[in-house]
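Working notes, beginning with the structure itself.
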There are 2 protein chains.
Amino acid sequence: MFRPEIKVVDCTVRDGGLMNKWQFEDDFVLQVYKANTKAGVDYMEIGYLSSESAFSRDEYGPWRFCAEKDIKRIIGDAEKKLKLSAMADIGRIDYDDIPLKSDSSIDMIRVACYVHQVDSAITLAHHCMEKGYETTINLMAVSTVGIRDLNEALEDLARSKVPIIYLVDSFGAFYSEDIDALAVKYMERLPGKTIGIHTHNNQQLAFANTIAAIINGVNFLDASFYGIGRGAGNCPMELLISFLKNPKFNVDPIIETIESHVLPWREKIDWGYFIPYMVTGVLNQHPRSAMAHMESDKKNEVTGFYREMTSLPDV
Amino acid sequence: MFRPEIKVVDCTVRDGGLMNKWQFEDDFVLQVYKANTKAGVDYMEIGYLSSESAFSRDEYGPWRFCAEKDIKRIIGDAEKKLKLSAMADIGRIDYDDIPLKSDSSIDMIRVACYVHQVDSAITLAHHCMEKGYETTINLMAVSTVGIRDLNEALEDLARSKVPIIYLVDSFGAFYSEDIDALAVKYMERLPGKTIGIHTHNNQQLAFANTIAAIINGVNFLDASFYGIGRGAGNCPMELLISFLKNPKFNVDPIIETIESHVLPWREKIDWGYFIPYMVTGVLNQHPRSAMAHMESDKKNEVTGFYREMTSLPDV
């Protein structure tokens, strides 16, 4: 019943850290690592790869940088049973700051880019491949990209050596029919490549859209514990693992870690389904205005937020 | 772009009341009524139709009974712009306690039944039709029904005079593929009838499954404000209204009422996505054990709940 090509990528620390500037205690990261290992998750994305000059360590926790010494402190010297991933944003990592794969515990570098950055992303990804890493390119915010620009980007990606290309619903704006259409397009225009999916839950469709992608042949699946991630968050790992039929997966350690380490964060940061995130999702907009609203002292004043975003008079 | 046959049925008070024994203040019900009217919602299900002998008014609020005097107190004497619905459970309403339509503000009576109660449900629904009401039969918990029993029930329903039959995912156990298959089956085996959908959100699929039903030709759509309803709750009205293309719909009054009247209830009762509800959804079980767990003083001890439900030793 299961498709052996399917790989699950945990984004708990990487995408969750967008909500708290990666101020996770080591114990949190360690427990997520252990739970992913026990659960049979294939990859754990532990953070972003950034140059030290791009961000201040006073403001940002270690997983904004993913220095080898920080990773080693978590995973120790025992053999890894899963692969580690780190995300790289264009312009925030100098090539020289990327170690050789032989000097790093990271197995895969995922390059995130907007459509106008595709050429830079391919160059960076090729550089990472030359250093020995698995690589992906995650083309963000395609819900706002015109069809000609998207087709051109897919042509460039098809010509590249990068083996895995992600369909990313950055704003949580897509319905499953959109995922159907885009997955088919990506498969057709990127022959020989593996397609991945990364969803956001603004309209409570992150899991449903991930299933739609699976049905259409997408094989790299992003998820996070209890859906923790920017704004409305991601596809919940516990739902995805319960859905997939491969007997290697086990949801028990994920539920255990949600109880011990993720639920306490629910008291401190507001990811998940809230009306402001729903509004930006429906309007196909970046969640930053919703995040600012949720961090303000009027987060429950959702009508004002909706009217401001849709420019209706406050009657 | 829109399908004029689609009707939206608000279940905020009826299904939400399963979480608080319908202890809503009149002002709550009035605001939901006003918001539904302004939003262009077609039906508002205001509660259950029960005989006074079936439940105690000391324990249950007025919307367990839907007495005409209580309804009149809410809607006043002005002309209704939407239709009112009440749900009837087999065995909890004496036929003699159902007024003639000419003496009632209720327009539609929806008969909820399990598969073994289909004959009783048809008899009750026919009785309601004779008294002048629109009627539906809502066949609950079909995720646990064998194919022969389901086919037989659908045969009986096909022969009945009841014009609208609901596909109900009582346990929040269905994936969209299940909805696809069942919607097709219902359409084929119930020729000439309208099909409705009522979903629960245990796996964050209530909205996605409602969309799947729409795509398959289902035309009566249940939803509730902010998804309020038993356990994980229902399809959120604000998402459904934002999805539907009919310009008569307007989400603004729904968001306003969520802010003013629904969010305060979030402080008091726990509907929505929580791990215990997810577990009963994945296991295709009634949510009662999850609801009991959520009402206990150990609601965050979700690992123990999961292991108890799956009979794993508490290692």
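Every chain in the structure tokens has a letter given in the order shown (A, B, ...), and although residue numbers restart at 1 in each chain, ligands are simply numbered from 1 in the order shown.
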Legend entry - chain B contacts on chain A, only C-alpha atoms, 7 Å, as a list in words: Gln203, Gln204, Leu205, Ala208, Leu239, Ile255, Glu256, Glu259, Asn300, Glu301, Val302 and Thr303 of chain A
Inset, instruction - Write down as a VMD selection string the residues belonging to segment 63-137 of chain B that are assigned strand (DSSP E or B) by DSSP computed on the backbone. - result: chain B and resid 83 to 89 108 to 113 134 to 137
Generate the output file for the selected residues, N, CA and C atoms, as a PDB file, in the first residue's frame.
ATOM      1  N   LYS B  83     -33.898  30.439   6.541  1.00  0.00           N
ATOM      2  CA  LYS B  83     -34.746  29.375   7.058  1.00  0.00           C
ATOM      3  C   LYS B  83     -34.143  28.817   8.342  1.00  0.00           C
ATOM      4  N   LEU B  84     -35.025  28.395   9.242  1.00  0.00           N
ATOM      5  CA  LEU B  84     -34.563  27.761  10.477  1.00  0.00           C
ATOM      6  C   LEU B  84     -34.703  26.247  10.361  1.00  0.00           C
ATOM      7  N   SER B  85     -33.746  25.576  10.957  1.00  0.00           N
ATOM      8  CA  SER B  85     -33.749  24.120  10.970  1.00  0.00           C
ATOM      9  C   SER B  85     -33.634  23.648  12.416  1.00  0.00           C
ATOM     10  N   ALA B  86     -34.174  22.457  12.687  1.00  0.00           N
ATOM     11  CA  ALA B  86     -33.942  21.799  13.978  1.00  0.00           C
ATOM     12  C   ALA B  86     -33.641  20.340  13.681  1.00  0.00           C
ATOM     13  N   MET B  87     -32.802  19.751  14.509  1.00  0.00           N
ATOM     14  CA  MET B  87     -32.471  18.339  14.323  1.00  0.00           C
ATOM     15  C   MET B  87     -33.305  17.491  15.267  1.00  0.00           C
ATOM     16  N   ALA B  88     -33.725  16.326  14.805  1.00  0.00           N
ATOM     17  CA  ALA B  88     -34.468  15.403  15.654  1.00  0.00           C
ATOM     18  C   ALA B  88     -33.727  14.074  15.726  1.00  0.00           C
ATOM     19  N   ASP B  89     -33.514  13.582  16.947  1.00  0.00           N
ATOM     20  CA  ASP B  89     -32.922  12.251  17.137  1.00  0.00           C
ATOM     21  C   ASP B  89     -34.050  11.239  17.316  1.00  0.00           C
ATOM     22  N   MET B 108     -37.292  23.489   8.519  1.00  0.00           N
ATOM     23  CA  MET B 108     -36.747  22.191   8.119  1.00  0.00           C
ATOM     24  C   MET B 108     -36.449  21.365   9.363  1.00  0.00           C
ATOM     25  N   ILE B 109     -36.809  20.096   9.333  1.00  0.00           N
ATOM     26  CA  ILE B 109     -36.440  19.164  10.405  1.00  0.00           C
ATOM     27  C   ILE B 109     -35.492  18.130   9.819  1.00  0.00           C
ATOM     28  N   ARG B 110     -34.321  18.000  10.454  1.00  0.00           N
ATOM     29  CA  ARG B 110     -33.329  17.036   9.966  1.00  0.00           C
ATOM     30  C   ARG B 110     -33.308  15.862  10.932  1.00  0.00           C
ATOM     31  N   VAL B 111     -33.565  14.698  10.419  1.00  0.00           N
ATOM     32  CA  VAL B 111     -33.626  13.497  11.256  1.00  0.00           C
ATOM     33  C   VAL B 111     -32.264  12.818  11.222  1.00  0.00           C
ATOM     34  N   ALA B 112     -31.623  12.732  12.399  1.00  0.00           N
ATOM     35  CA  ALA B 112     -30.316  12.072  12.506  1.00  0.00           C
ATOM     36  C   ALA B 112     -30.524  10.626  12.921  1.00  0.00           C
ATOM     37  N   CYS B 113     -29.837   9.714  12.264  1.00  0.00           N
ATOM     38  CA  CYS B 113     -30.001   8.306  12.626  1.00  0.00           C
ATOM     39  C   CYS B 113     -28.754   7.507  12.310  1.00  0.00           C
ATOM     40  N   GLU B 134     -39.874  20.932   5.394  1.00  0.00           N
ATOM     41  CA  GLU B 134     -38.774  20.362   4.616  1.00  0.00           C
ATOM     42  C   GLU B 134     -38.077  19.344   5.528  1.00  0.00           C
ATOM     43  N   THR B 135     -37.543  18.283   4.947  1.00  0.00           N
ATOM     44  CA  THR B 135     -36.852  17.304   5.794  1.00  0.00           C
ATOM     45  C   THR B 135     -35.585  16.791   5.122  1.00  0.00           C
ATOM     46  N   THR B 136     -34.688  16.351   5.980  1.00  0.00           N
ATOM     47  CA  THR B 136     -33.502  15.613   5.534  1.00  0.00           C
ATOM     48  C   THR B 136     -33.351  14.403   6.443  1.00  0.00           C
ATOM     49  N   ILE B 137     -32.627  13.422   5.983  1.00  0.00           N
ATOM     50  CA  ILE B 137     -32.150  12.362   6.876  1.00  0.00           C
ATOM     51  C   ILE B 137     -30.627  12.395   6.858  1.00  0.00           C
TER      52      ILE B 137
END
Quick one: chain A onto chain B, least squares on all Cα paired in order, result as a tab-separated table (two decimals) with C-alpha atoms, in the first residue's frame?
chain	number	residue	atom	x	y	z
A	1	MET	CA	-18.55	30.41	-11.25
A	2	PHE	CA	-20.96	29.54	-8.43
A	3	ARG	CA	-23.53	26.76	-8.31
A	4	PRO	CA	-26.91	28.25	-7.34
A	5	GLU	CA	-28.11	24.88	-5.96
A	6	ILE	CA	-25.61	25.10	-3.09
A	7	LYS	CA	-27.19	25.80	0.31
A	8	VAL	CA	-25.18	26.52	3.44
A	9	VAL	CA	-26.51	25.28	6.78
A	10	ASP	CA	-25.15	26.86	9.95
A	11	CYS	CA	-24.85	24.41	12.89
A	12	THR	CA	-23.24	26.78	15.39
A	13	VAL	CA	-25.92	26.54	18.08
A	14	ARG	CA	-27.00	22.95	17.41
A	15	ASP	CA	-23.61	21.24	17.16
A	16	GLY	CA	-21.82	23.76	19.42
A	17	GLY	CA	-24.43	23.05	22.08
A	18	LEU	CA	-23.21	19.46	22.27
A	19	MET	CA	-20.20	20.96	24.11
A	20	ASN	CA	-22.11	23.01	26.70
A	21	LYS	CA	-25.58	21.42	26.87
A	22	TRP	CA	-26.94	24.39	24.92
A	23	GLN	CA	-26.23	26.82	27.75
A	24	PHE	CA	-25.96	29.73	25.34
A	25	GLU	CA	-27.33	33.11	26.40
A	26	ASP	CA	-30.11	34.44	24.19
A	27	ASP	CA	-27.72	37.17	23.03
A	28	PHE	CA	-25.37	34.55	21.58
A	29	VAL	CA	-28.15	32.89	19.59
A	30	LEU	CA	-29.49	36.27	18.48
A	31	GLN	CA	-26.09	37.42	17.21
A	32	VAL	CA	-25.52	34.17	15.33
A	33	TYR	CA	-28.99	34.56	13.80
A	34	LYS	CA	-28.29	38.16	12.75
A	35	ALA	CA	-24.84	37.30	11.39
A	36	ASN	CA	-26.17	34.35	9.38
A	37	THR	CA	-28.87	36.59	7.94
A	38	LYS	CA	-26.36	39.28	6.93
A	39	ALA	CA	-23.86	36.72	5.64
A	40	GLY	CA	-26.36	35.15	3.24
A	41	VAL	CA	-26.39	31.76	4.97
A	42	ASP	CA	-29.40	29.75	3.80
A	43	TYR	CA	-30.36	27.79	6.92
A	44	MET	CA	-29.60	28.15	10.60
A	45	GLU	CA	-29.98	25.02	12.68
A	46	ILE	CA	-30.99	26.43	16.02
A	47	GLY	CA	-30.98	23.23	18.06
A	48	TYR	CA	-32.56	19.84	18.63
A	49	LEU	CA	-36.26	19.13	18.67
A	50	SER	CA	-36.80	17.05	21.82
A	51	SER	CA	-39.77	16.20	23.97
A	52	GLU	CA	-39.75	17.87	27.38
A	53	SER	CA	-39.93	14.40	28.90
A	54	ALA	CA	-36.64	13.35	27.25
A	55	PHE	CA	-34.38	15.89	28.98
A	56	SER	CA	-34.48	18.14	32.04
A	57	ARG	CA	-34.63	21.90	31.52
A	58	ASP	CA	-32.61	22.21	34.73
A	59	GLU	CA	-29.69	20.56	32.98
A	60	TYR	CA	-30.20	21.55	29.35
A	61	GLY	CA	-30.64	24.96	27.74
A	62	PRO	CA	-33.58	25.88	25.51
A	63	TRP	CA	-31.96	24.73	22.24
A	64	ARG	CA	-32.15	21.11	23.31
A	65	PHE	CA	-35.93	21.56	22.84
A	66	CYS	CA	-36.52	24.38	20.34
A	67	ALA	CA	-39.89	25.38	21.79
A	68	GLU	CA	-41.68	27.94	19.64
A	69	LYS	CA	-41.75	30.51	22.45
A	70	ASP	CA	-37.96	30.34	22.78
A	71	ILE	CA	-37.46	30.72	19.03
A	72	LYS	CA	-39.86	33.68	18.91
A	73	ARG	CA	-37.88	35.39	21.67
A	74	ILE	CA	-34.84	35.31	19.33
A	75	ILE	CA	-36.29	36.05	15.92
A	76	GLY	CA	-39.07	38.45	16.90
A	77	ASP	CA	-41.94	39.20	14.56
A	78	ALA	CA	-40.05	40.57	11.55
A	79	GLU	CA	-39.92	38.46	8.42
A	80	LYS	CA	-37.16	35.84	8.48
A	81	LYS	CA	-34.55	36.23	5.73
A	82	LEU	CA	-33.19	32.73	6.26
A	83	LYS	CA	-34.73	29.39	7.05
A	84	LEU	CA	-34.56	27.76	10.48
A	85	SER	CA	-33.74	24.12	10.97
A	86	ALA	CA	-33.94	21.80	13.97
A	87	MET	CA	-32.46	18.34	14.32
A	88	ALA	CA	-34.47	15.40	15.66
A	89	ASP	CA	-32.93	12.25	17.13
A	90	ILE	CA	-34.86	9.01	16.90
A	91	GLY	CA	-36.62	8.24	20.19
A	92	ARG	CA	-36.18	11.65	21.78
A	93	ILE	CA	-39.17	13.34	20.22
A	94	ASP	CA	-42.78	12.12	20.37
A	95	TYR	CA	-44.63	12.65	17.14
A	96	ASP	CA	-47.37	14.48	19.02
A	97	ASP	CA	-44.84	17.02	20.28
A	98	ILE	CA	-44.01	18.14	16.74
A	99	PRO	CA	-46.25	21.12	15.91
A	100	LEU	CA	-47.72	21.70	12.50
A	101	LYS	CA	-45.44	23.77	10.30
A	102	SER	CA	-48.15	26.46	10.28
A	103	ASP	CA	-47.66	26.81	14.07
A	104	SER	CA	-43.88	26.82	14.00
A	105	SER	CA	-41.01	29.10	12.90
A	106	ILE	CA	-38.97	26.04	11.99
A	107	ASP	CA	-38.76	25.40	8.25
A	108	MET	CA	-36.75	22.19	8.12
A	109	ILE	CA	-36.44	19.16	10.41
A	110	ARG	CA	-33.33	17.04	9.97
A	111	VAL	CA	-33.62	13.50	11.27
A	112	ALA	CA	-30.32	12.07	12.51
A	113	CYS	CA	-30.02	8.29	12.62
A	114	TYR	CA	-27.62	5.39	12.67
A	115	VAL	CA	-27.83	2.84	9.90
A	116	HIS	CA	-29.96	0.41	11.92
A	117	GLN	CA	-32.48	3.19	12.54
A	118	VAL	CA	-33.11	4.07	8.90
A	119	ASP	CA	-36.66	2.73	8.85
A	120	SER	CA	-37.60	4.70	11.98
A	121	ALA	CA	-35.94	7.77	10.51
A	122	ILE	CA	-37.89	7.52	7.27
A	123	THR	CA	-41.15	7.14	9.21
A	124	LEU	CA	-40.34	10.19	11.36
A	125	ALA	CA	-39.25	12.23	8.32
A	126	HIS	CA	-42.42	11.33	6.44
A	127	HIS	CA	-44.43	12.40	9.48
A	128	CYS	CA	-42.59	15.76	9.47
A	129	MET	CA	-43.25	16.16	5.73
A	130	GLU	CA	-46.95	15.53	6.32
A	131	LYS	CA	-46.91	18.29	8.92
A	132	GLY	CA	-45.49	20.65	6.30
A	133	TYR	CA	-41.73	20.69	6.94
A	134	GLU	CA	-38.77	20.37	4.63
A	135	THR	CA	-36.86	17.31	5.81
A	136	THR	CA	-33.51	15.62	5.54
A	137	ILE	CA	-32.15	12.36	6.88
A	138	ASN	CA	-28.59	12.52	8.22
A	139	LEU	CA	-27.11	9.03	8.23
A	140	MET	CA	-24.47	9.18	10.97
A	141	ALA	CA	-21.21	7.33	11.52
A	142	VAL	CA	-21.07	5.74	8.08
A	143	SER	CA	-17.30	5.35	8.55
A	144	THR	CA	-18.12	2.32	10.72
A	145	VAL	CA	-20.82	0.81	8.52
A	146	GLY	CA	-20.23	-2.27	6.37
A	147	ILE	CA	-20.85	-1.97	2.65
A	148	ARG	CA	-23.88	-4.31	2.59
A	149	ASP	CA	-25.61	-2.43	5.42
A	150	LEU	CA	-24.87	0.90	3.78
A	151	ASN	CA	-26.17	-0.21	0.40
A	152	GLU	CA	-29.35	-1.52	2.01
A	153	ALA	CA	-29.87	1.75	3.89
A	154	LEU	CA	-29.36	3.73	0.70
A	155	GLU	CA	-31.92	1.51	-1.06
A	156	ASP	CA	-34.46	2.28	1.69
A	157	LEU	CA	-33.66	5.99	1.49
A	158	ALA	CA	-33.95	5.96	-2.30
A	159	ARG	CA	-37.48	4.53	-1.99
A	160	SER	CA	-38.48	7.12	0.63
A	161	LYS	CA	-40.02	10.52	-0.10
A	162	VAL	CA	-37.27	12.33	1.83
A	163	PRO	CA	-35.63	14.70	-0.67
A	164	ILE	CA	-32.27	15.41	1.03
A	165	ILE	CA	-29.86	12.80	2.40
A	166	TYR	CA	-26.70	13.70	4.32
A	167	LEU	CA	-23.30	12.06	4.20
A	168	VAL	CA	-22.04	12.46	7.78
A	169	ASP	CA	-18.46	11.97	8.99
A	170	SER	CA	-19.40	11.73	12.66
A	171	PHE	CA	-15.95	10.64	13.84
A	172	GLY	CA	-13.78	12.84	11.61
A	173	ALA	CA	-12.27	9.67	10.19
A	174	PHE	CA	-12.62	10.23	6.45
A	175	TYR	CA	-9.96	11.38	4.02
A	176	SER	CA	-11.03	13.28	0.91
A	177	GLU	CA	-10.70	10.09	-1.15
A	178	ASP	CA	-13.33	8.49	1.11
A	179	ILE	CA	-15.62	11.47	0.58
A	180	ASP	CA	-15.07	11.20	-3.19
A	181	ALA	CA	-16.06	7.53	-3.18
A	182	LEU	CA	-19.05	7.95	-0.85
A	183	ALA	CA	-20.39	11.07	-2.56
A	184	VAL	CA	-20.34	9.23	-5.90
A	185	LYS	CA	-22.10	6.26	-4.30
A	186	TYR	CA	-24.77	8.46	-2.67
A	187	MET	CA	-25.39	10.32	-5.94
A	188	GLU	CA	-25.70	7.08	-7.91
A	189	ARG	CA	-27.88	5.22	-5.42
A	190	LEU	CA	-30.13	8.15	-4.52
A	191	PRO	CA	-31.24	9.38	-7.94
A	192	GLY	CA	-33.21	12.61	-7.90
A	193	LYS	CA	-32.24	13.42	-4.32
A	194	THR	CA	-30.06	16.23	-3.03
A	195	ILE	CA	-26.98	15.15	-1.06
A	196	GLY	CA	-25.62	17.03	1.96
A	197	ILE	CA	-22.32	16.84	3.84
A	198	HIS	CA	-21.57	17.21	7.57
A	199	THR	CA	-17.94	16.86	8.61
A	200	HIS	CA	-15.87	16.83	11.80
A	201	ASN	CA	-12.39	18.27	12.11
A	202	ASN	CA	-10.49	15.58	14.03
A	203	GLN	CA	-7.84	15.35	11.31
A	204	GLN	CA	-8.08	18.99	10.17
A	205	LEU	CA	-9.99	17.78	7.13
A	206	ALA	CA	-13.50	19.14	7.78
A	207	PHE	CA	-13.13	22.01	5.30
A	208	ALA	CA	-11.12	19.98	2.78
A	209	ASN	CA	-13.69	17.17	2.87
A	210	THR	CA	-16.50	19.69	2.39
A	211	ILE	CA	-14.70	20.98	-0.72
A	212	ALA	CA	-14.28	17.39	-1.94
A	213	ALA	CA	-18.03	16.90	-1.50
A	214	ILE	CA	-18.80	20.12	-3.42
A	215	ILE	CA	-16.62	18.96	-6.32
A	216	ASN	CA	-18.59	15.69	-6.36
A	217	GLY	CA	-21.95	17.47	-6.61
A	218	VAL	CA	-23.00	17.67	-2.97
A	219	ASN	CA	-25.20	20.76	-2.51
A	220	PHE	CA	-26.17	21.04	1.18
A	221	LEU	CA	-23.13	22.13	3.21
A	222	ASP	CA	-22.95	22.21	7.00
A	223	ALA	CA	-20.58	24.58	8.79
A	224	SER	CA	-20.32	26.49	12.07
A	225	PHE	CA	-18.74	29.72	13.25
A	226	TYR	CA	-15.04	29.13	13.96
A	227	GLY	CA	-15.85	25.43	13.61
A	228	ILE	CA	-17.61	25.23	17.01
A	229	GLY	CA	-19.11	21.77	17.48
A	230	ARG	CA	-18.68	18.47	19.23
A	231	GLY	CA	-15.10	17.42	19.88
A	232	ALA	CA	-12.86	18.68	17.10
A	233	GLY	CA	-15.79	20.66	15.75
A	234	ASN	CA	-17.11	21.20	12.23
A	235	CYS	CA	-16.18	22.84	8.97
A	236	PRO	CA	-15.48	26.52	9.82
A	237	MET	CA	-18.14	28.77	8.29
A	238	GLU	CA	-15.67	31.61	7.68
A	239	LEU	CA	-13.54	29.31	5.50
A	240	LEU	CA	-16.50	27.88	3.61
A	241	ILE	CA	-18.06	31.30	2.91
A	242	SER	CA	-14.68	32.63	1.76
A	243	PHE	CA	-14.37	29.67	-0.62
A	244	LEU	CA	-17.82	29.81	-2.19
A	245	LYS	CA	-18.06	32.16	-5.12
A	246	ASN	CA	-21.71	33.17	-4.89
A	247	PRO	CA	-21.62	36.97	-4.38
A	248	LYS	CA	-24.59	36.78	-2.01
A	249	PHE	CA	-22.24	35.50	0.71
A	250	ASN	CA	-20.43	37.94	2.99
A	251	VAL	CA	-17.87	36.81	5.58
A	252	ASP	CA	-17.64	40.11	7.49
A	253	PRO	CA	-20.60	39.55	9.89
A	254	ILE	CA	-19.31	36.05	10.63
A	255	ILE	CA	-15.85	37.32	11.61
A	256	GLU	CA	-17.51	40.06	13.69
A	257	THR	CA	-19.58	37.49	15.61
A	258	ILE	CA	-16.60	35.19	16.06
A	259	GLU	CA	-14.82	38.10	17.73
A	260	SER	CA	-17.73	39.23	19.90
A	261	HIS	CA	-19.44	35.96	20.81
A	262	VAL	CA	-17.47	32.85	19.81
A	263	LEU	CA	-13.92	33.63	20.96
A	264	PRO	CA	-15.13	34.10	24.56
A	265	TRP	CA	-16.41	30.49	24.49
A	266	ARG	CA	-12.88	29.33	23.54
A	267	GLU	CA	-11.91	30.20	27.12
A	268	LYS	CA	-14.57	27.86	28.48
A	269	ILE	CA	-14.88	24.85	26.18
A	270	ASP	CA	-12.28	22.99	24.11
A	271	TRP	CA	-13.51	22.29	20.61
A	272	GLY	CA	-11.08	22.16	17.73
A	273	TYR	CA	-7.90	20.30	16.90
A	274	PHE	CA	-6.45	18.59	19.97
A	275	ILE	CA	-4.47	15.35	20.06
A	276	PRO	CA	-7.19	13.30	21.85
A	277	TYR	CA	-9.71	14.19	19.12
A	278	MET	CA	-7.09	13.48	16.46
A	279	VAL	CA	-6.55	10.04	18.02
A	280	THR	CA	-10.24	9.04	17.96
A	281	GLY	CA	-10.48	10.38	14.40
A	282	VAL	CA	-7.52	8.33	13.21
A	283	LEU	CA	-8.92	5.28	15.03
A	284	ASN	CA	-12.41	5.87	13.59
A	285	GLN	CA	-14.04	5.95	17.01
A	286	HIS	CA	-16.76	8.01	18.68
A	287	PRO	CA	-15.18	11.11	20.29
A	288	ARG	CA	-16.73	10.45	23.71
A	289	SER	CA	-13.52	9.07	25.25
A	290	ALA	CA	-11.57	12.05	23.90
A	291	MET	CA	-14.20	14.46	25.23
A	292	ALA	CA	-14.02	12.84	28.68
A	293	HIS	CA	-10.23	13.12	28.55
A	294	MET	CA	-10.39	16.80	27.53
A	295	GLU	CA	-12.77	17.51	30.43
A	296	SER	CA	-10.50	15.78	32.95
A	297	ASP	CA	-7.66	17.46	34.81
A	298	LYS	CA	-5.10	15.69	32.61
A	299	LYS	CA	-6.14	16.93	29.21
A	300	ASN	CA	-2.54	17.63	28.20
A	301	GLU	CA	-1.47	14.06	29.04
A	302	VAL	CA	-2.01	13.06	25.46
A	303	THR	CA	0.54	10.24	25.27
A	304	GLY	CA	-1.26	8.26	27.97
A	305	PHE	CA	-4.54	8.77	26.15
A	306	TYR	CA	-3.05	7.61	22.84
A	307	ARG	CA	-1.52	4.51	24.43
A	308	GLU	CA	-4.72	3.67	26.28
A	309	MET	CA	-6.72	3.91	23.05
A	310	THR	CA	-4.24	1.80	21.13
A	311	SER	CA	-3.55	-0.54	24.08
A	312	LEU	CA	0.18	-0.08	23.96
A	313	PRO	CA	1.94	-0.64	27.27
A	314	ASP	CA	2.82	2.64	28.98
A	315	VAL	CA	6.59	2.19	28.57
Inset, instruction - DSSP on the backbone, then: every residue of segment 174-306 of chain B marked helix (DSSP H, G or I), written as a PyMOL selection string. - result: chain B and resi 176-189+206-215+225-227+237-243+252-266+275-282+288-295+302-306
